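What follows is a set of notes on a single structure, which appears directly below.
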Number of protein chains: 4
Amino acid sequence: MSLNTFGHLFRVTTWGESHGPALGATVDGCPPGIAVDEVFLQQWLDKRRPGQNKNTTQRQEPDAVKILSGVFDGQTTGTPIQLMIENTDQRSRDYGEIAQTFRPGHADITYHQKYGLRDYRGGGRSSARETAARVAAGGVARAALNALIPGIAVKGYMTRMGEVTIDRDRFDWDAIDGNDFWIPDAAAAPEWEAYLQRLRKNKNSVGAEIEVVARGLPAGLGAPVYGKLDTDLAAAMMSINAVKGVELGEGMAAARLTGTENADEIFMGEHGPEYSSNHAGGILGGISTGQDVVVRFAVKPTSSILTPRRSIRMDGTATEVVTKGRHDPCVGIRAVPVAEAMMACVVLDHFLLHRGQVGEGPRGTIG
Amino acid sequence: MSLNTFGHLFRVTTWGESHGPALGATVDGCPPGIAVDEVFLQQWLDKRRPGQNKNTTQRQEPDAVKILSGVFDGQTTGTPIQLMIENTDQRSRDYGEIAQTFRPGHADITYHQKYGLRDYRGGGRSSARETAARVAAGGVARAALNALIPGIAVKGYMTRMGEVTIDRDRFDWDAIDGNDFWIPDAAAAPEWEAYLQRLRKNKNSVGAEIEVVARGLPAGLGAPVYGKLDTDLAAAMMSINAVKGVELGEGMAAARLTGTENADEIFMGEHGPEYSSNHAGGILGGISTGQDVVVRFAVKPTSSILTPRRSIRMDGTATEVVTKGRHDPCVGIRAVPVAEAMMACVVLDHFLLHRGQVGEGPRGTIG
Amino acid sequence: MSLNTFGHLFRVTTWGESHGPALGATVDGCPPGIAVDEVFLQQWLDKRRPGQNKNTTQRQEPDAVKILSGVFDGQTTGTPIQLMIENTDQRSRDYGEIAQTFRPGHADITYHQKYGLRDYRGGGRSSARETAARVAAGGVARAALNALIPGIAVKGYMTRMGEVTIDRDRFDWDAIDGNDFWIPDAAAAPEWEAYLQRLRKNKNSVGAEIEVVARGLPAGLGAPVYGKLDTDLAAAMMSINAVKGVELGEGMAAARLTGTENADEIFMGEHGPEYSSNHAGGILGGISTGQDVVVRFAVKPTSSILTPRRSIRMDGTATEVVTKGRHDPCVGIRAVPVAEAMMACVVLDHFLLHRGQVGEGPRGTIG
Amino acid sequence: MSLNTFGHLFRVTTWGESHGPALGATVDGCPPGIAVDEVFLQQWLDKRRPGQNKNTTQRQEPDAVKILSGVFDGQTTGTPIQLMIENTDQRSRDYGEIAQTFRPGHADITYHQKYGLRDYRGGGRSSARETAARVAAGGVARAALNALIPGIAVKGYMTRMGEVTIDRDRFDWDAIDGNDFWIPDAAAAPEWEAYLQRLRKNKNSVGAEIEVVARGLPAGLGAPVYGKLDTDLAAAMMSINAVKGVELGEGMAAARLTGTENADEIFMGEHGPEYSSNHAGGILGGISTGQDVVVRFAVKPTSSILTPRRSIRMDGTATEVVTKGRHDPCVGIRAVPVAEAMMACVVLDHFLLHRGQVGEGPRGTIG
């Protein structure tokens, strides 16, 4: 019910503003006895951290995570885990203009209309900086998943950035971590980079499409009819800043297909049921089938651009906004580790929910 | 936390199986003093009801809703409202084969794998029949919205069915309720019908894309960062049977746009802020802008078709499934009133949440 | 968050008014594969049912429970279980006076002040009749507990009714079900009955103290710091109509003790830790110790009495209220099966919560 | 659903262990525009802080609270408020013995049995030190209440400590803050002190009874049937460390009364309904009457005493525990500000819930 919280049993509440003293995540419901420390968490934060290459913002934020509670002698204790990231790169500056002006495409105007006041420094609570806290929490979820579902993998990658897309025939899972765009095709990275730098020089930005896959999930996770695994994944992705669409498996394209085209036929494989295809994205009736769970989402272009856009001030007068700050020309790139974190949290949550209601013992077998 | 519940303050829990004695919705948190009766609710159920024309299933279900609690002297009392729909069209038949077989594209196999047993009659809990309960609850939400936000309208319509799409230039809001497909273009209906009948004759089915709009919402509804209005809408739509993708405003296409293209510039209009466009779909930072809130989603083709599909039985043996029952060739048509109901519930919920946290008094004004 | 719901994973939402068409409970989160039917549930409803002897109200309500969903072939399916009890003994009468008057000690006045309207027939939603739905839900919880924790027993009994109390030295667990007062001392029942009949003849009513025990619980159920087992039990008991106090173990008397008196010393027994006493009531730090969990609560005297009490009408004019209806002189008697039901639900819920977060495997062992 | 969270709309999640780097509270759902700062919060922490006089523990903890988020320019923004209290008095010491031993009356054994591991330093998560976070959150609730319900007062005081009790005839509301025991009778304080020092010298401790009153609440707060105001208050108080019983109004003594004795008759006063008495404790049917809301609870004697108590070690061997640390001989004293904080949170939460569901406008009037 906390509006800044997600999850049922594994519950993550993020807190903090872009330019406040710190931000973080309160993680409740983690299983006890999971090995986790700041070094393990930091690797995921580093993956999201800006300033690492010329394709992301040049802000330098160490984003060092501290564990303040819930971990003892290197293991989770089952009590709330507080993860804090101090804000160190808070440039002192004059916020006079931005304090009075609503940047187009940002939440400045709606926060003002809703609450009557807002922390205008760097977008305050609506800044994508909040996602650092999610990545930290996702690290805890990964640690628990690794312990509870051996062999599970949660990985995200870009599939489109404006006019450039990946070539599915050249898909290379192992290439994803080796380039600045998290794309599954190392050879394509230079083209992506050239495209993005051209946009940047044109004082523009661009949208992106990201796919996240959970591989190695057992069948049976998820639940009817509002706690469906896909329902929670859709909410998780849509909650990320700038996301405008979420797809599962075939996604929006399912509207174009016929029943014969869309059918995932079922076979008996060596280790259980197998499917001829995965239009369903690994979920039927809200419950995992044991196939890859495949989620895709779109991130809108960064709203903060150097090209002037018309807007208004709090007093209603007209103005033009040119965002001179250090901004990612494609926020979608940094959405990849965030989406992975969200998926890890959702999958762990459903694992725990399933264990709670149904237990660990043998369930419905086939064959 | 109930997995069959949605909403924060306006909470809807649906219950019931396709072929059990009844199904319904337990609605908690409705404001008191709202005029509502069975006649008002029935109109929405009738809109969803099958058997009304040749483009939907020929099952005859009266779907008569009964109010069992929470309404007194024609007004809500603020206590839980129980809405029950008795199942009358339960043909007695032999379920022998279906009890042992997993229909491809259905939740038969995942329910079995999760729970170890399932009510196999007509899909049981996973049947789209469950959405009748949502429509009933949505009727209550509509009654409350009408009282609390005068002038609000929540309307859905189809935008695509397989290869046929609407022509945005011919969009006619008033035409939506006048044809079998809920399309905003009366003249196009015959083409849609011909297309669908051709598919039906070919023993096939087809997917659909539906758009739902909430018009007349005040600015300020929704909340960071996980109780966002778009997050809850995405979850609401994804929870509907067979939905594979959800979009807000520009949706997945946002991945193709540049920042200059995607910007919704802000002007000062006569009654407050206005926007040059609505790529955002009426929501910024999870909070409504006062523009139309526009959600789009895709429904996969009906999995139950007369063309044989390969599958397996509980014992692992191979089989072929031909679904001979009375099924909609395009379940997307009947998803329209369901999506309207979900949107009405979500919008009301966020109105109440906002009133709870922020109050009714004046908030941030502009100009 | 539903205000008419309790439980975390095993969630019970009750609905319905005293004189509406029906009332019931929506039970979500029950484990699948639990054998349960209407006959099993009915035995608990019969225990609570009025009109069975001269010490309770003479209303005749069959209180027949129907299972509308969630059970198939005699087993729970893991989906929501709808339990409905139709109201059959709704005497048609003139509610003119009661519709305008606030009965002292009842919720008439606060419902009116809160909601602006109320179902005044028989107390509407605030009637103790609502507890029939809890007892039905408690029956489901008992069925699940019996399957999941073999040997567990949940039993309640009266310990005080006005000036009469039980003699702890004559405590007989097996006598509880054999008398009209659910007291653990068959020989004392005539004295209790004489006392109560004297009060009834004097047009008066009386309060009661009830103790409920869960025996056979494993250690480890419950969780810090707000999901404590005792926190949920306190809320569960306080939510029952007319309850004014809740105690765990030593209860309010703990305020009078010293640390040496109150200490439950720990020994190593044959099967694990044992305690020299149970001042704690079987819970330390919100988590079960494996001892009996002992909860006690007080029920105020029935407010509906034949002796006139002064009150006001909706228009503010003074009046006197004499309640001529059929009322229990001691509602505490019928609170016994209700409290058992609540305890069964809470214990099951914490069993599932524990299994979800911690799992079924070996936890901290001793010795 | 977070087990370390309480509240519906105003949600408080506490985190942290006694000897970790910090502890705190994540407060979500606070209304925006409430003036609050660290100085305002600190006054309540100082009230709870140990080491202030010889009747409480001599530990010196500054308990300085820091606001890390959710407050901007001295006002709440409507986003999560993170309150952190760093642990400064963490004496480095050898935990060898305590790490292996279960202290009687403490949660050492149940945490071990539940989680398989525990932070044994100073009780870890189960330490009463956690209540500092609640007091900080309660400060935020007080600030909001002061703004939303002018004239409201929430005050707690001791009514019993072992064998000494307050004299209701000498009750002085204004004396409460002027003595070490928060008793409403300044002249009695020396007797209380002498009694407590005698116990301390005898290496013993003692229980306490505390009463908390909310004065100035409007009628209509609370809701049937599980979100009752008294249900939430009972849970709130029972969740405080060492609490064994909770009473509302007449409390457990209601079991001894007859209906004529217990009746709170209703009159029409100058400003609305008035009552002849307040056996109900200001709540009918779970909803506030407008009278004082009166809650009472009992705290068990401090389990950590200098008198040896028998116990066992993790390996099952017998031992004796003598707690040499700096401990309060009566933890009940410091429970007073904690209970006030909990009550402030619950009352604010129900104010917001009511505003959400029912609104701010006129509801049921009388006269």
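Chains: A, B, ... in order of the structure tokens. Residues: from 1 per chain. Ligands: from 1, in order shown.
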
Exercise for review: Please report, as a ChimeraX atom specification, each residue of stretch 204-277 of chain C to which DSSP assigns helix (DSSP H, G or I) when run on this structure's backbone.
Suggested key: /C:229-238,251-256,259-262

- Message: At a cut-off of 12 Å, using only C-alpha atoms, what residues contact stretch 198-201 of chain C? Leave out same-chain residues fewer than 6 positions from it and give the result as a list in words.
- Response: Lys54, Asn55, Thr56, Thr57, Met161, Gly162, Glu163, Glu191, Trp192, Gly207, Pro301, Thr302, Ser304, Ile305, Leu306, Thr307, Arg326, His327, Asp328, Pro329 and Cys330 of chain C; Leu257, Thr258, Gly259 and Thr260 of chain D

Export C-alpha atoms of the chosen residues as a PDB file, in the first residue's frame?
```pdb
ATOM      1  CA  LYS C  54     -31.759 -20.925  26.796  1.00  0.00           C
ATOM      2  CA  ASN C  55     -28.512 -19.124  27.546  1.00  0.00           C
ATOM      3  CA  THR C  56     -28.265 -17.596  24.107  1.00  0.00           C
ATOM      4  CA  THR C  57     -30.678 -15.663  21.934  1.00  0.00           C
ATOM      5  CA  MET C 161     -18.747 -14.190  33.280  1.00  0.00           C
ATOM      6  CA  GLY C 162     -19.358 -11.201  35.524  1.00  0.00           C
ATOM      7  CA  GLU C 163     -18.788 -12.467  39.036  1.00  0.00           C
ATOM      8  CA  GLU C 191     -23.876 -22.231  38.753  1.00  0.00           C
ATOM      9  CA  TRP C 192     -23.022 -20.264  35.594  1.00  0.00           C
ATOM     10  CA  GLY C 207     -19.511  -9.245  30.287  1.00  0.00           C
ATOM     11  CA  PRO C 301     -21.901  -6.842  28.435  1.00  0.00           C
ATOM     12  CA  THR C 302     -24.524  -6.916  25.696  1.00  0.00           C
ATOM     13  CA  SER C 304     -29.101  -4.359  24.103  1.00  0.00           C
ATOM     14  CA  ILE C 305     -31.007  -4.762  27.358  1.00  0.00           C
ATOM     15  CA  LEU C 306     -34.572  -4.505  28.562  1.00  0.00           C
ATOM     16  CA  THR C 307     -33.677  -1.863  31.132  1.00  0.00           C
ATOM     17  CA  ARG C 326     -34.041 -11.453  21.007  1.00  0.00           C
ATOM     18  CA  HIS C 327     -30.582 -10.864  22.419  1.00  0.00           C
ATOM     19  CA  ASP C 328     -27.928 -12.864  24.189  1.00  0.00           C
ATOM     20  CA  PRO C 329     -27.614 -11.831  27.824  1.00  0.00           C
ATOM     21  CA  CYS C 330     -23.916 -12.636  27.507  1.00  0.00           C
TER      22      CYS C 330
ATOM     23  CA  LEU D 257     -19.710  -5.509  34.521  1.00  0.00           C
ATOM     24  CA  THR D 258     -23.403  -5.754  33.780  1.00  0.00           C
ATOM     25  CA  GLY D 259     -25.093  -4.030  30.888  1.00  0.00           C
ATOM     26  CA  THR D 260     -26.626  -1.347  33.086  1.00  0.00           C
TER      27      THR D 260
END
```

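Between atom CA of A:Asp108 and atom CA of B:Val246 the interatomic distance comes to 25.0 Å.
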
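When atom CA of C:Ile81 is paired with atom CA of A:Ala236, their separation reads 28.4 Å.
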
If you run DSSP on the backbone here, which positions in stretch 162-306 of chain C get strand (DSSP E or B)? Please write them as a PyMOL selection string.
chain C and resi 164-165+206+208-215+243-248+258+266-268+273-275+283-284+287-288+293-299

What lies within 6 Å of B:Tyr226 using only C-alpha atoms, ignoring chain neighbours under 5 positions off, as a tab-separated table (two decimals) with C-alpha atoms, in the first residue's frame?
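Here's the written file result_14.tsv:
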```
chain	number	residue	atom	x	y	z
A	3	LEU	CA	3.08	3.97	-2.91
A	4	ASN	CA	6.86	3.86	-2.95
A	5	THR	CA	6.93	0.14	-2.32
A	239	SER	CA	7.33	2.10	-12.83
```

Could you give me, as a VMD selection string, the residues within 8 Å of B:Thr131, counting only C-alpha atoms and dropping anything in the same chain fewer than 3 positions from it? chain B and resid 128 134 to 135 240 338

How would the residues just chosen look if you wrote them out with C-alpha atoms as a compact mmCIF listing (two decimals), in the first residue's frame?
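Writing done, so here's result_6.txt:
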```
# COMPACT_ATOMS: atom_id res chain seq x y z
CA ALA B 128 -12.28 -15.11 -19.23
CA ARG B 134 -14.57 -7.06 -12.96
CA VAL B 135 -17.20 -5.41 -15.13
CA ILE B 240 -6.88 -9.19 -18.19
CA VAL B 338 -13.47 -5.17 -19.27
```

Interface list for chain A, partner chain C, 9 Å threshold, only C-alpha atoms, as a ChimeraX atom specification
/A:1,9-10,29-32,78-79,223-225,351-360

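Interatomic distance, atom CA of B:Gln82 to atom CA of B:Gly151: 27.2 Å.
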
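Of the listed residues B:Thr77, B:Asp177, B:Gly139, B:Asn204, the one whose atoms come nearest to C:Ser126 is B:Thr77, with distances taken using only C-alpha atoms.
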
Neighbour list for C:Gly156 as a ChimeraX atom specification, cut-off 10 Å, only C-alpha atoms, skip fewer than 5 positions in-chain
/C:173,176-177,182-184,210-214,294-296,335-341,343

- Message: Which residues are near C:Ala298? Cut-off 6 Å, only C-alpha atoms, ignore same chain within fewer than 6 positions. Put them as a ChimeraX atom specification.
- Response: /C:208-209,243-245 /D:252,255

Saved selection, atoms kept: N, CA and C atoms, as a JSON list (two decimals), in the first residue's frame:
```
[["chain", "number", "residue", "atom", "x", "y", "z"],
["C", 208, "ALA", "N", -17.81, -10.86, 29.75],
["C", 208, "ALA", "CA", -17.18, -12.18, 29.83],
["C", 208, "ALA", "C", -15.70, -12.09, 29.48],
["C", 209, "GLU", "N", -14.99, -13.09, 30.00],
["C", 209, "GLU", "CA", -13.56, -13.21, 29.67],
["C", 209, "GLU", "C", -13.37, -14.58, 29.03],
["C", 243, "VAL", "N", -15.29, -6.54, 22.06],
["C", 243, "VAL", "CA", -14.07, -6.85, 22.81],
["C", 243, "VAL", "C", -13.41, -5.55, 23.26],
["C", 244, "LYS", "N", -13.00, -5.50, 24.51],
["C", 244, "LYS", "CA", -12.41, -4.28, 25.07],
["C", 244, "LYS", "C", -10.99, -4.47, 25.58],
["C", 245, "GLY", "N", -10.48, -5.68, 25.59],
["C", 245, "GLY", "CA", -9.12, -5.90, 26.08],
["C", 245, "GLY", "C", -8.60, -7.22, 25.59],
["D", 252, "MET", "N", -10.18, -5.09, 30.30],
["D", 252, "MET", "CA", -10.47, -6.42, 30.81],
["D", 252, "MET", "C", -11.56, -6.40, 31.88],
["D", 255, "ALA", "N", -15.37, -7.49, 31.59],
["D", 255, "ALA", "CA", -15.88, -8.84, 31.82],
["D", 255, "ALA", "C", -16.64, -8.95, 33.12]]
```

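Counting only C-alpha atoms, the residue from B:Leu348, B:Arg334, B:Gly227, B:Gln291 that sits nearest to A:Thr14 is B:Gly227.
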
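Shell of C:Thr317 at 9 Å, with only C-alpha atoms counted and residues fewer than 6 places along the chain excluded, is Ser311 of chain C; Phe267, Met268 and Gly367 of chain D.
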